[in-house]
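Listing of data_1.pdb, PDB, C-alpha atoms and all ligand atoms
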```pdb
ATOM      1  CA  MET G   1      15.052  -1.456 -89.790  1.00  0.00           C
ATOM      2  CA  LYS G   2      16.460  -1.876 -86.281  1.00  0.00           C
ATOM      3  CA  TYR G   3      13.098  -2.132 -84.502  1.00  0.00           C
ATOM      4  CA  PRO G   4      10.528  -3.441 -87.033  1.00  0.00           C
ATOM      5  CA  ILE G   5       7.791  -3.867 -84.401  1.00  0.00           C
ATOM      6  CA  ASP G   6       5.679  -1.293 -82.597  1.00  0.00           C
ATOM      7  CA  LEU G   7       3.966  -2.647 -79.478  1.00  0.00           C
ATOM      8  CA  HIS G   8       1.795   0.339 -78.562  1.00  0.00           C
ATOM      9  CA  THR G   9      -0.595   2.097 -80.989  1.00  0.00           C
ATOM     10  CA  HIS G  10      -4.092   3.583 -80.913  1.00  0.00           C
ATOM     11  CA  THR G  11      -6.968   3.881 -83.375  1.00  0.00           C
ATOM     12  CA  ILE G  12     -10.167   5.939 -83.572  1.00  0.00           C
ATOM     13  CA  ALA G  13     -11.693   3.414 -81.170  1.00  0.00           C
ATOM     14  CA  SER G  14     -10.145   5.799 -78.630  1.00  0.00           C
ATOM     15  CA  ASP G  15     -11.772   9.165 -79.404  1.00  0.00           C
ATOM     16  CA  HIS G  16      -8.562  11.130 -78.982  1.00  0.00           C
ATOM     17  CA  ALA G  17      -6.769   9.125 -81.693  1.00  0.00           C
ATOM     18  CA  TYR G  18      -7.262   9.792 -85.375  1.00  0.00           C
ATOM     19  CA  SER G  19      -6.610   6.777 -87.599  1.00  0.00           C
ATOM     20  CA  THR G  20      -8.472   3.586 -88.347  1.00  0.00           C
ATOM     21  CA  LEU G  21      -6.847   0.198 -87.877  1.00  0.00           C
ATOM     22  CA  VAL G  22      -6.649  -0.148 -91.659  1.00  0.00           C
ATOM     23  CA  GLU G  23      -4.808   3.178 -91.932  1.00  0.00           C
ATOM     24  CA  CYS G  24      -2.397   1.932 -89.265  1.00  0.00           C
ATOM     25  CA  VAL G  25      -1.806  -1.240 -91.299  1.00  0.00           C
ATOM     26  CA  HIS G  26      -1.138   0.805 -94.452  1.00  0.00           C
ATOM     27  CA  GLU G  27       1.303   3.098 -92.694  1.00  0.00           C
ATOM     28  CA  ALA G  28       3.005   0.185 -90.908  1.00  0.00           C
ATOM     29  CA  LYS G  29       3.546  -1.432 -94.295  1.00  0.00           C
ATOM     30  CA  ASN G  30       4.675   1.869 -95.750  1.00  0.00           C
ATOM     31  CA  VAL G  31       7.392   2.386 -93.122  1.00  0.00           C
ATOM     32  CA  GLY G  32       8.504  -1.254 -93.257  1.00  0.00           C
ATOM     33  CA  LEU G  33       7.154  -2.636 -89.972  1.00  0.00           C
ATOM     34  CA  LYS G  34       6.734  -6.401 -89.769  1.00  0.00           C
ATOM     35  CA  MET G  35       4.352  -6.346 -86.828  1.00  0.00           C
ATOM     36  CA  PHE G  36       2.456  -3.962 -84.583  1.00  0.00           C
ATOM     37  CA  ALA G  37       0.072  -4.212 -81.670  1.00  0.00           C
ATOM     38  CA  THR G  38      -3.208  -2.341 -81.690  1.00  0.00           C
ATOM     39  CA  THR G  39      -3.672  -1.323 -78.063  1.00  0.00           C
ATOM     40  CA  ASP G  40      -6.624   0.957 -77.473  1.00  0.00           C
ATOM     41  CA  HIS G  41      -7.444   2.286 -74.031  1.00  0.00           C
ATOM     42  CA  GLY G  42      -9.553   0.333 -71.582  1.00  0.00           C
ATOM     43  CA  PRO G  43     -13.094   1.580 -70.966  1.00  0.00           C
ATOM     44  CA  GLU G  44     -12.344   3.408 -67.686  1.00  0.00           C
ATOM     45  CA  VAL G  45     -11.143   6.535 -69.489  1.00  0.00           C
ATOM     46  CA  SER G  46     -14.128   8.470 -70.756  1.00  0.00           C
ATOM     47  CA  ASP G  47     -13.002   8.359 -74.382  1.00  0.00           C
ATOM     48  CA  GLY G  48     -11.966   4.705 -74.435  1.00  0.00           C
ATOM     49  CA  PRO G  49     -13.902   2.162 -76.515  1.00  0.00           C
ATOM     50  CA  HIS G  50     -16.851   0.067 -75.433  1.00  0.00           C
ATOM     51  CA  PRO G  51     -15.753  -3.291 -73.895  1.00  0.00           C
ATOM     52  CA  TRP G  52     -17.052  -5.078 -77.017  1.00  0.00           C
ATOM     53  CA  HIS G  53     -14.152  -3.519 -78.921  1.00  0.00           C
ATOM     54  CA  PHE G  54     -11.835  -5.950 -77.115  1.00  0.00           C
ATOM     55  CA  ASN G  55     -14.200  -8.925 -77.345  1.00  0.00           C
ATOM     56  CA  ASN G  56     -14.410  -8.644 -81.110  1.00  0.00           C
ATOM     57  CA  LEU G  57     -10.758  -8.145 -82.028  1.00  0.00           C
ATOM     58  CA  LYS G  58     -10.831 -11.775 -83.183  1.00  0.00           C
ATOM     59  CA  VAL G  59     -12.187 -10.546 -86.526  1.00  0.00           C
ATOM     60  CA  VAL G  60      -8.863  -8.850 -87.272  1.00  0.00           C
ATOM     61  CA  PRO G  61      -6.828 -11.171 -89.531  1.00  0.00           C
ATOM     62  CA  ARG G  62      -3.542 -12.371 -88.061  1.00  0.00           C
ATOM     63  CA  ILE G  63      -1.694 -10.962 -91.054  1.00  0.00           C
ATOM     64  CA  CYS G  64      -3.091  -7.845 -92.701  1.00  0.00           C
ATOM     65  CA  GLU G  65      -1.537  -6.972 -96.055  1.00  0.00           C
ATOM     66  CA  GLY G  66       1.747  -8.556 -95.011  1.00  0.00           C
ATOM     67  CA  VAL G  67       1.855  -6.992 -91.542  1.00  0.00           C
ATOM     68  CA  ALA G  68       1.220  -9.022 -88.375  1.00  0.00           C
ATOM     69  CA  VAL G  69      -1.347  -7.319 -86.147  1.00  0.00           C
ATOM     70  CA  LEU G  70      -1.366  -8.232 -82.463  1.00  0.00           C
ATOM     71  CA  ARG G  71      -4.747  -7.871 -80.768  1.00  0.00           C
ATOM     72  CA  GLY G  72      -4.100  -5.810 -77.692  1.00  0.00           C
ATOM     73  CA  ALA G  73      -5.273  -3.346 -75.113  1.00  0.00           C
ATOM     74  CA  GLU G  74      -3.779  -0.618 -73.008  1.00  0.00           C
ATOM     75  CA  ALA G  75      -5.596  -1.156 -69.753  1.00  0.00           C
ATOM     76  CA  ASN G  76      -6.085   1.564 -67.180  1.00  0.00           C
ATOM     77  CA  ILE G  77      -4.868   1.020 -63.657  1.00  0.00           C
ATOM     78  CA  VAL G  78      -7.738   1.626 -61.237  1.00  0.00           C
ATOM     79  CA  SER G  79      -7.529   2.819 -57.652  1.00  0.00           C
ATOM     80  CA  ASP G  80      -7.903  -0.670 -56.123  1.00  0.00           C
ATOM     81  CA  GLY G  81      -4.921  -1.958 -58.109  1.00  0.00           C
ATOM     82  CA  SER G  82      -6.975  -3.831 -60.694  1.00  0.00           C
ATOM     83  CA  ILE G  83      -7.263  -3.097 -64.408  1.00  0.00           C
ATOM     84  CA  ASP G  84     -10.315  -2.369 -66.559  1.00  0.00           C
ATOM     85  CA  ILE G  85      -9.852  -5.329 -68.915  1.00  0.00           C
ATOM     86  CA  THR G  86     -11.533  -8.490 -67.649  1.00  0.00           C
ATOM     87  CA  ASN G  87      -9.729 -11.803 -67.108  1.00  0.00           C
ATOM     88  CA  GLU G  88     -11.793 -13.289 -69.930  1.00  0.00           C
ATOM     89  CA  GLN G  89     -10.723 -10.504 -72.296  1.00  0.00           C
ATOM     90  CA  VAL G  90      -7.082 -10.901 -71.267  1.00  0.00           C
ATOM     91  CA  LYS G  91      -7.303 -14.585 -72.216  1.00  0.00           C
ATOM     92  CA  ASN G  92      -8.393 -13.688 -75.732  1.00  0.00           C
ATOM     93  CA  LEU G  93      -5.927 -10.867 -76.299  1.00  0.00           C
ATOM     94  CA  ASP G  94      -2.376 -11.287 -77.570  1.00  0.00           C
ATOM     95  CA  ILE G  95      -0.869  -8.501 -75.498  1.00  0.00           C
ATOM     96  CA  VAL G  96      -2.012  -6.361 -72.580  1.00  0.00           C
ATOM     97  CA  LEU G  97      -0.311  -3.135 -71.589  1.00  0.00           C
ATOM     98  CA  ALA G  98      -1.302  -1.239 -68.458  1.00  0.00           C
ATOM     99  CA  GLY G  99      -0.549   2.244 -67.255  1.00  0.00           C
ATOM    100  CA  PHE G 100      -1.848   5.218 -65.331  1.00  0.00           C
ATOM    101  CA  HIS G 101      -4.282   7.490 -67.191  1.00  0.00           C
ATOM    102  CA  PRO G 102      -6.577  10.372 -66.212  1.00  0.00           C
ATOM    103  CA  ASN G 103      -9.209   7.992 -64.744  1.00  0.00           C
ATOM    104  CA  TYR G 104      -6.827   7.805 -61.783  1.00  0.00           C
ATOM    105  CA  ILE G 105      -6.118  11.053 -59.936  1.00  0.00           C
ATOM    106  CA  PRO G 106      -2.468  11.040 -58.821  1.00  0.00           C
ATOM    107  CA  THR G 107      -1.867  10.376 -55.128  1.00  0.00           C
ATOM    108  CA  THR G 108       1.586   9.602 -53.721  1.00  0.00           C
ATOM    109  CA  VAL G 109       4.779   7.903 -54.865  1.00  0.00           C
ATOM    110  CA  GLU G 110       4.091   5.121 -52.346  1.00  0.00           C
ATOM    111  CA  GLU G 111       0.567   4.544 -53.599  1.00  0.00           C
ATOM    112  CA  HIS G 112       1.558   4.619 -57.290  1.00  0.00           C
ATOM    113  CA  THR G 113       4.308   2.093 -56.466  1.00  0.00           C
ATOM    114  CA  ARG G 114       1.875  -0.160 -54.612  1.00  0.00           C
ATOM    115  CA  LEU G 115      -0.609  -0.112 -57.494  1.00  0.00           C
ATOM    116  CA  TYR G 116       2.048  -0.791 -60.135  1.00  0.00           C
ATOM    117  CA  LYS G 117       3.260  -3.790 -58.121  1.00  0.00           C
ATOM    118  CA  LYS G 118      -0.250  -5.112 -57.611  1.00  0.00           C
ATOM    119  CA  VAL G 119      -0.936  -4.903 -61.336  1.00  0.00           C
ATOM    120  CA  ILE G 120       2.401  -6.551 -62.179  1.00  0.00           C
ATOM    121  CA  GLN G 121       1.755  -9.373 -59.695  1.00  0.00           C
ATOM    122  CA  SER G 122      -1.778  -9.953 -61.026  1.00  0.00           C
ATOM    123  CA  GLY G 123      -0.356 -11.891 -63.970  1.00  0.00           C
ATOM    124  CA  LEU G 124      -2.792 -10.116 -66.318  1.00  0.00           C
ATOM    125  CA  VAL G 125      -0.408  -7.547 -67.744  1.00  0.00           C
ATOM    126  CA  ASP G 126       2.508  -8.081 -70.122  1.00  0.00           C
ATOM    127  CA  VAL G 127       3.928  -4.576 -70.338  1.00  0.00           C
ATOM    128  CA  ILE G 128       3.863  -1.531 -68.060  1.00  0.00           C
ATOM    129  CA  SER G 129       3.252   1.437 -70.361  1.00  0.00           C
ATOM    130  CA  HIS G 130       5.028   4.768 -69.939  1.00  0.00           C
ATOM    131  CA  PRO G 131       6.225   4.241 -66.326  1.00  0.00           C
ATOM    132  CA  GLY G 132       8.161   7.521 -66.631  1.00  0.00           C
ATOM    133  CA  SER G 133       4.967   9.576 -66.692  1.00  0.00           C
ATOM    134  CA  ALA G 134       5.690  12.771 -64.741  1.00  0.00           C
ATOM    135  CA  ARG G 135       2.144  12.828 -63.377  1.00  0.00           C
ATOM    136  CA  TYR G 136       2.496   9.425 -61.698  1.00  0.00           C
ATOM    137  CA  PRO G 137       5.971   9.116 -60.132  1.00  0.00           C
ATOM    138  CA  SER G 138       6.776   5.853 -58.374  1.00  0.00           C
ATOM    139  CA  ASP G 139       9.710   4.116 -56.730  1.00  0.00           C
ATOM    140  CA  TYR G 140      11.168   3.033 -60.050  1.00  0.00           C
ATOM    141  CA  GLU G 141      13.627   0.557 -58.585  1.00  0.00           C
ATOM    142  CA  GLU G 142      10.917  -1.231 -56.603  1.00  0.00           C
ATOM    143  CA  VAL G 143       8.607  -1.360 -59.635  1.00  0.00           C
ATOM    144  CA  LEU G 144      11.341  -2.600 -61.964  1.00  0.00           C
ATOM    145  CA  VAL G 145      12.535  -5.309 -59.576  1.00  0.00           C
ATOM    146  CA  CYS G 146       8.935  -6.491 -59.254  1.00  0.00           C
ATOM    147  CA  ALA G 147       8.542  -6.460 -63.061  1.00  0.00           C
ATOM    148  CA  LYS G 148      11.720  -8.480 -63.486  1.00  0.00           C
ATOM    149  CA  GLU G 149      10.591 -11.062 -60.914  1.00  0.00           C
ATOM    150  CA  ASN G 150       7.245 -11.422 -62.671  1.00  0.00           C
ATOM    151  CA  ASN G 151       8.489 -11.469 -66.292  1.00  0.00           C
ATOM    152  CA  VAL G 152       6.657  -8.232 -67.139  1.00  0.00           C
ATOM    153  CA  ALA G 153       8.250  -5.923 -69.708  1.00  0.00           C
ATOM    154  CA  ILE G 154       8.944  -2.252 -69.104  1.00  0.00           C
ATOM    155  CA  GLU G 155       8.041   0.120 -71.895  1.00  0.00           C
ATOM    156  CA  ILE G 156      10.136   2.907 -73.252  1.00  0.00           C
ATOM    157  CA  ASN G 157       7.582   5.129 -74.912  1.00  0.00           C
ATOM    158  CA  SER G 158       8.583   7.362 -77.806  1.00  0.00           C
ATOM    159  CA  SER G 159       5.657   9.762 -77.358  1.00  0.00           C
ATOM    160  CA  SER G 160       6.613  10.676 -73.782  1.00  0.00           C
ATOM    161  CA  ASP G 161       7.881  14.238 -73.679  1.00  0.00           C
ATOM    162  CA  ILE G 162       7.408  14.495 -77.484  1.00  0.00           C
ATOM    163  CA  ASN G 163       3.633  14.431 -77.985  1.00  0.00           C
ATOM    164  CA  THR G 164       2.416  14.029 -74.404  1.00  0.00           C
ATOM    165  CA  ARG G 165       3.520  13.481 -70.769  1.00  0.00           C
ATOM    166  CA  PHE G 166       5.804  16.512 -70.862  1.00  0.00           C
ATOM    167  CA  GLY G 167       8.400  16.535 -68.137  1.00  0.00           C
ATOM    168  CA  SER G 168       8.923  12.756 -68.313  1.00  0.00           C
ATOM    169  CA  HIS G 169      12.239  12.718 -70.162  1.00  0.00           C
ATOM    170  CA  ASP G 170      14.567  12.531 -67.155  1.00  0.00           C
ATOM    171  CA  ASN G 171      12.369   9.865 -65.542  1.00  0.00           C
ATOM    172  CA  CYS G 172      12.587   7.773 -68.712  1.00  0.00           C
ATOM    173  CA  ILE G 173      16.388   7.971 -68.637  1.00  0.00           C
ATOM    174  CA  GLU G 174      16.445   7.023 -64.959  1.00  0.00           C
ATOM    175  CA  ILE G 175      14.128   4.076 -65.645  1.00  0.00           C
ATOM    176  CA  ALA G 176      16.208   2.935 -68.620  1.00  0.00           C
ATOM    177  CA  LYS G 177      19.394   3.027 -66.526  1.00  0.00           C
ATOM    178  CA  LEU G 178      17.714   1.047 -63.755  1.00  0.00           C
ATOM    179  CA  ALA G 179      16.351  -1.429 -66.304  1.00  0.00           C
ATOM    180  CA  LYS G 180      19.880  -1.974 -67.548  1.00  0.00           C
ATOM    181  CA  LYS G 181      21.091  -2.624 -63.988  1.00  0.00           C
ATOM    182  CA  ILE G 182      18.185  -4.910 -63.046  1.00  0.00           C
ATOM    183  CA  GLY G 183      18.058  -6.674 -66.418  1.00  0.00           C
ATOM    184  CA  ASN G 184      14.448  -5.908 -67.338  1.00  0.00           C
ATOM    185  CA  THR G 185      12.883  -6.945 -70.612  1.00  0.00           C
ATOM    186  CA  ILE G 186      12.217  -3.789 -72.633  1.00  0.00           C
ATOM    187  CA  SER G 187       9.279  -3.118 -74.940  1.00  0.00           C
ATOM    188  CA  LEU G 188       9.298  -0.136 -77.307  1.00  0.00           C
ATOM    189  CA  GLY G 189       6.057   1.627 -78.126  1.00  0.00           C
ATOM    190  CA  SER G 190       5.388   4.683 -80.265  1.00  0.00           C
ATOM    191  CA  ASP G 191       2.002   5.222 -78.582  1.00  0.00           C
ATOM    192  CA  ALA G 192       0.955   6.600 -81.988  1.00  0.00           C
ATOM    193  CA  HIS G 193      -2.412   8.355 -81.859  1.00  0.00           C
ATOM    194  CA  ILE G 194      -2.238   8.936 -85.621  1.00  0.00           C
ATOM    195  CA  CYS G 195      -0.895   6.456 -88.134  1.00  0.00           C
ATOM    196  CA  TYR G 196       1.934   8.717 -89.307  1.00  0.00           C
ATOM    197  CA  TYR G 197       3.770   8.182 -86.016  1.00  0.00           C
ATOM    198  CA  ILE G 198       3.620   4.392 -86.070  1.00  0.00           C
ATOM    199  CA  GLY G 199       7.043   2.764 -85.669  1.00  0.00           C
ATOM    200  CA  ASN G 200       8.703   6.101 -84.905  1.00  0.00           C
ATOM    201  CA  PHE G 201      11.284   5.380 -82.197  1.00  0.00           C
ATOM    202  CA  GLU G 202      13.582   8.327 -82.921  1.00  0.00           C
ATOM    203  CA  SER G 203      13.177   9.838 -79.474  1.00  0.00           C
ATOM    204  CA  VAL G 204      14.006   6.629 -77.601  1.00  0.00           C
ATOM    205  CA  LEU G 205      17.251   5.917 -79.412  1.00  0.00           C
ATOM    206  CA  GLU G 206      19.102   8.475 -77.341  1.00  0.00           C
ATOM    207  CA  ILE G 207      17.588   7.108 -74.107  1.00  0.00           C
ATOM    208  CA  LEU G 208      18.636   3.558 -75.015  1.00  0.00           C
ATOM    209  CA  LYS G 209      22.119   4.807 -75.817  1.00  0.00           C
ATOM    210  CA  GLN G 210      22.460   6.812 -72.612  1.00  0.00           C
ATOM    211  CA  ALA G 211      21.401   3.789 -70.571  1.00  0.00           C
ATOM    212  CA  ASP G 212      23.564   1.465 -72.675  1.00  0.00           C
ATOM    213  CA  ILE G 213      20.677  -0.958 -73.223  1.00  0.00           C
ATOM    214  CA  SER G 214      21.630  -3.682 -75.674  1.00  0.00           C
ATOM    215  CA  ASP G 215      19.246  -5.066 -78.267  1.00  0.00           C
ATOM    216  CA  ASP G 216      19.123  -8.469 -76.599  1.00  0.00           C
ATOM    217  CA  LYS G 217      16.914  -6.960 -73.845  1.00  0.00           C
ATOM    218  CA  ILE G 218      14.583  -5.280 -76.378  1.00  0.00           C
ATOM    219  CA  ILE G 219      11.831  -7.519 -77.742  1.00  0.00           C
ATOM    220  CA  ASN G 220      11.047  -5.289 -80.748  1.00  0.00           C
ATOM    221  CA  THR G 221      13.995  -6.585 -82.757  1.00  0.00           C
ATOM    222  CA  SER G 222      12.162  -9.568 -84.302  1.00  0.00           C
ATOM    223  CA  PRO G 223       8.648 -11.077 -84.492  1.00  0.00           C
ATOM    224  CA  SER G 224       9.896 -14.350 -82.994  1.00  0.00           C
ATOM    225  CA  LYS G 225      11.255 -12.534 -79.958  1.00  0.00           C
ATOM    226  CA  VAL G 226       7.883 -10.882 -79.371  1.00  0.00           C
ATOM    227  CA  LEU G 227       6.033 -14.173 -79.866  1.00  0.00           C
ATOM    228  CA  ASP G 228       8.467 -15.992 -77.535  1.00  0.00           C
ATOM    229  CA  PHE G 229       7.938 -13.330 -74.883  1.00  0.00           C
ATOM    230  CA  LEU G 230       4.138 -13.458 -75.162  1.00  0.00           C
ATOM    231  CA  GLU G 231       4.150 -17.256 -74.945  1.00  0.00           C
ATOM    232  CA  SER G 232       6.424 -17.054 -71.904  1.00  0.00           C
ATOM    233  CA  ARG G 233       3.694 -14.864 -70.384  1.00  0.00           C
ATOM    234  CA  GLY G 234       1.123 -17.604 -70.926  1.00  0.00           C
ATOM    235  CA  HIS G 235      -0.547 -16.357 -74.116  1.00  0.00           C
ATOM    236  CA  LYS G 236      -1.623 -18.928 -76.674  1.00  0.00           C
ATOM    237  CA  PRO G 237       0.869 -19.449 -79.507  1.00  0.00           C
ATOM    238  CA  ILE G 238      -0.125 -17.552 -82.664  1.00  0.00           C
ATOM    239  CA  VAL G 239       0.557 -20.260 -85.219  1.00  0.00           C
ATOM    240  CA  GLU G 240      -0.402 -18.113 -88.240  1.00  0.00           C
ATOM    241  CA  MET G 241       2.293 -15.584 -87.314  1.00  0.00           C
ATOM    242  CA  ARG G 242       4.883 -18.278 -86.592  1.00  0.00           C
ATOM    243  CA  ASN G 243       4.165 -19.779 -90.005  1.00  0.00           C
ATOM    244  CA  PHE G 244       4.166 -16.414 -91.759  1.00  0.00           C
ATOM    245  CA  PHE G 245       7.552 -15.493 -90.332  1.00  0.00           C
ATOM    246  CA  ASN G 246       8.755 -19.060 -90.702  1.00  0.00           C
ATOM    247  CA  ASN G 247       9.992 -19.506 -87.150  1.00  0.00           C
TER     248      ASN G 247
HETATM  249 ZN    ZN G 301      -1.087   5.382 -72.096  1.00  0.00          ZN
HETATM  250 ZN    ZN G 302      -1.253   4.693 -75.296  1.00  0.00          ZN
END
```

Same coordinates, now as structure tokens:
Amino acid sequence: MKYPIDLHTHTIASDHAYSTLVECVHEAKNVGLKMFATTDHGPEVSDGPHPWHFNNLKVVPRICEGVAVLRGAEANIVSDGSIDITNEQVKNLDIVLAGFHPNYIPTTVEEHTRLYKKVIQSGLVDVISHPGSARYPSDYEEVLVCAKENNVAIEINSSSDINTRFGSHDNCIEIAKLAKKIGNTISLGSDAHICYYIGNFESVLEILKQADISDDKIINTSPSKVLDFLESRGHKPIVEMRNFFNN
């Protein structure tokens, strides 16, 4: 499997998703994933989980049935350029994504750009999720340069224009080409809202090819690459996963 890690998935903790975490583990195992991140929405969207969802992720074993499960969140960007996951929660999570969601009513390219940069510079966010979203256009070059400077990964999302965010496809290609030029770290996420889509990166393969992005820029190629990246972002080392994968 070329990309045995999925860094963006949802569970029924977000009301508009349809599988439990255990079902995600089973399907991840079934399709041969080594690792995935469970990243439910922050509480600012009306159907996101209660904040306690994030506080209690510590009960999830590091390795579930042979699959490493990263404790994560997909935070919502709010209008003042903050996110709806607290600093304390960030400290206890393994990975934090952030993106624009319906809690934020689109404004202008300039404002979306400003908010993306503020979130990137906050140090609280590891990955910008679905930056190609047609509803929230930004100055991609400015955002990607800022992400590169701050060691924040840019996501290529395999649900965009397939299951949601229709009209994003060309933006995703433009972003991928810019990421190649700027040298951004790339994170792949299925954004699965049902377990059967977990690890499905079919739709991004063509984008990666068109932009000529090589696997060395993509962290989803091995667990150690993901763990190295998260440690480089200041997250605590996850010894159980290092030991499990023997590196
Ligand atoms: Zn999202
Ligand atoms: Zn998502």

Name the residues that the PyMOL selection byres (((not hetatm)) within 12 of (chain G and resi 302)) picks from the file above, as a PDB file with C-alpha atoms, in the coordinates of the input, using the file's chain letters and numbers.
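So expr-v4.pdb came out as:
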```pdb
ATOM      1  CA  ASP G   6       5.679  -1.293 -82.597  1.00  0.00           C
ATOM      2  CA  LEU G   7       3.966  -2.647 -79.478  1.00  0.00           C
ATOM      3  CA  HIS G   8       1.795   0.339 -78.562  1.00  0.00           C
ATOM      4  CA  THR G   9      -0.595   2.097 -80.989  1.00  0.00           C
ATOM      5  CA  HIS G  10      -4.092   3.583 -80.913  1.00  0.00           C
ATOM      6  CA  THR G  11      -6.968   3.881 -83.375  1.00  0.00           C
ATOM      7  CA  SER G  14     -10.145   5.799 -78.630  1.00  0.00           C
ATOM      8  CA  HIS G  16      -8.562  11.130 -78.982  1.00  0.00           C
ATOM      9  CA  ALA G  17      -6.769   9.125 -81.693  1.00  0.00           C
ATOM     10  CA  ALA G  37       0.072  -4.212 -81.670  1.00  0.00           C
ATOM     11  CA  THR G  38      -3.208  -2.341 -81.690  1.00  0.00           C
ATOM     12  CA  THR G  39      -3.672  -1.323 -78.063  1.00  0.00           C
ATOM     13  CA  ASP G  40      -6.624   0.957 -77.473  1.00  0.00           C
ATOM     14  CA  HIS G  41      -7.444   2.286 -74.031  1.00  0.00           C
ATOM     15  CA  GLY G  42      -9.553   0.333 -71.582  1.00  0.00           C
ATOM     16  CA  VAL G  45     -11.143   6.535 -69.489  1.00  0.00           C
ATOM     17  CA  GLY G  48     -11.966   4.705 -74.435  1.00  0.00           C
ATOM     18  CA  GLY G  72      -4.100  -5.810 -77.692  1.00  0.00           C
ATOM     19  CA  ALA G  73      -5.273  -3.346 -75.113  1.00  0.00           C
ATOM     20  CA  GLU G  74      -3.779  -0.618 -73.008  1.00  0.00           C
ATOM     21  CA  ALA G  75      -5.596  -1.156 -69.753  1.00  0.00           C
ATOM     22  CA  ASN G  76      -6.085   1.564 -67.180  1.00  0.00           C
ATOM     23  CA  VAL G  96      -2.012  -6.361 -72.580  1.00  0.00           C
ATOM     24  CA  LEU G  97      -0.311  -3.135 -71.589  1.00  0.00           C
ATOM     25  CA  ALA G  98      -1.302  -1.239 -68.458  1.00  0.00           C
ATOM     26  CA  GLY G  99      -0.549   2.244 -67.255  1.00  0.00           C
ATOM     27  CA  PHE G 100      -1.848   5.218 -65.331  1.00  0.00           C
ATOM     28  CA  HIS G 101      -4.282   7.490 -67.191  1.00  0.00           C
ATOM     29  CA  PRO G 102      -6.577  10.372 -66.212  1.00  0.00           C
ATOM     30  CA  VAL G 127       3.928  -4.576 -70.338  1.00  0.00           C
ATOM     31  CA  ILE G 128       3.863  -1.531 -68.060  1.00  0.00           C
ATOM     32  CA  SER G 129       3.252   1.437 -70.361  1.00  0.00           C
ATOM     33  CA  HIS G 130       5.028   4.768 -69.939  1.00  0.00           C
ATOM     34  CA  PRO G 131       6.225   4.241 -66.326  1.00  0.00           C
ATOM     35  CA  SER G 133       4.967   9.576 -66.692  1.00  0.00           C
ATOM     36  CA  GLU G 155       8.041   0.120 -71.895  1.00  0.00           C
ATOM     37  CA  ILE G 156      10.136   2.907 -73.252  1.00  0.00           C
ATOM     38  CA  ASN G 157       7.582   5.129 -74.912  1.00  0.00           C
ATOM     39  CA  SER G 158       8.583   7.362 -77.806  1.00  0.00           C
ATOM     40  CA  SER G 159       5.657   9.762 -77.358  1.00  0.00           C
ATOM     41  CA  SER G 160       6.613  10.676 -73.782  1.00  0.00           C
ATOM     42  CA  ASN G 163       3.633  14.431 -77.985  1.00  0.00           C
ATOM     43  CA  THR G 164       2.416  14.029 -74.404  1.00  0.00           C
ATOM     44  CA  ARG G 165       3.520  13.481 -70.769  1.00  0.00           C
ATOM     45  CA  LEU G 188       9.298  -0.136 -77.307  1.00  0.00           C
ATOM     46  CA  GLY G 189       6.057   1.627 -78.126  1.00  0.00           C
ATOM     47  CA  SER G 190       5.388   4.683 -80.265  1.00  0.00           C
ATOM     48  CA  ASP G 191       2.002   5.222 -78.582  1.00  0.00           C
ATOM     49  CA  ALA G 192       0.955   6.600 -81.988  1.00  0.00           C
ATOM     50  CA  HIS G 193      -2.412   8.355 -81.859  1.00  0.00           C
ATOM     51  CA  ILE G 194      -2.238   8.936 -85.621  1.00  0.00           C
ATOM     52  CA  ILE G 198       3.620   4.392 -86.070  1.00  0.00           C
TER      53      ILE G 198
END
```

query = Quick one: which residues end up in the PyMOL selection byres (((chain G and resi 196) around 10) and not hetatm) for this structure, as a ChimeraX atom specification?
reply = /G:19,23-24,26-28,30-31,192-195,197-200

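The shortest atom-to-atom distance to ligand ZN 301 (chain G), with all atoms listed in the file taken into account, belongs to G:Tyr136 out of G:Phe201, G:Tyr136, G:Tyr18, G:Phe245.
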
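Checking G:Lys236, G:Lys225, G:Lys34, G:Arg135 one by one against ligand ZN 301 (chain G), counting all atoms listed in the file, you find the shortest gap at G:Arg135.
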
query = Using only C-alpha atoms, what residues lie at most 9 Å away from (11.1, 0.8, -62.0) (file coordinates), given as a ChimeraX atom specification?
reply = /G:113,131-132,138-147,154,174-176,178-179

Selection near G:Ser79, 12 Å with all atoms listed in the file, sequence-local residues under 3 positions removed, as a ChimeraX atom specification = /G:44,76,82-84,99-107,111-116,118-119

ask   = Restricting the calculation to only C-alpha atoms, which member of G:Val152, G:Asp212, G:Ser187, G:Arg242 is positioned closest to G:Tyr3?
value =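 Of the candidates, the smallest distance to G:Tyr3 is held by G:Ser187.
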
task = Name the residues that the PyMOL selection byres (((chain G and resi 228) around 12) and not hetatm) pulls out of this structure, and write them as a list in words.
result = Asp94, Ile219, Asn220, Ser222, Pro223, Ser224, Lys225, Val226, Leu227, Phe229, Leu230, Glu231, Ser232, Arg233, Gly234, His235, Lys236, Pro237, Ile238, Val239, Met241, Arg242 and Asn247 of chain G

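Nearest to G:Pro61 of all the residues G:Ile12, G:Val125, G:Met1, G:Val22 is G:Val22, counting all atoms listed in the file.
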
message = For G:Asn184, find every residue with an atom within 7 Å (counting only C-alpha atoms), except residues of its own chain fewer than 2 positions away, and show them as an MDAnalysis selection string.
response = chainID G and resid 148 153:154 179:180 182 186

task = Find, counting all atoms listed in the file, the residue in G:Ile77, G:Pro49, G:Leu70, G:Asp15 that gets nearest to ligand ZN 301 (chain G).
result = G:Ile77

task = Record the distance separating atom CA of G:Leu57 and atom CA of G:Lys117, expressed in Å with one decimal.
result = 28.1 Å

task = Using all atoms listed in the file, collect all residues at a distance of at most 8 Å from (-4.3, -5.4, -95.4) as written in the file, then present them as a VMD selection string.
result = chain G and resid 22 25 to 26 63 to 67

request  = Pick out the residues sitting within 9 Å of G:Gln89, and hand them over as an MDAnalysis selection string; count all atoms listed in the file, and ignore anything fewer than 2 positions along from it in its own chain.
outcome  = chainID G and resid 51 54:55 85:87 91:93
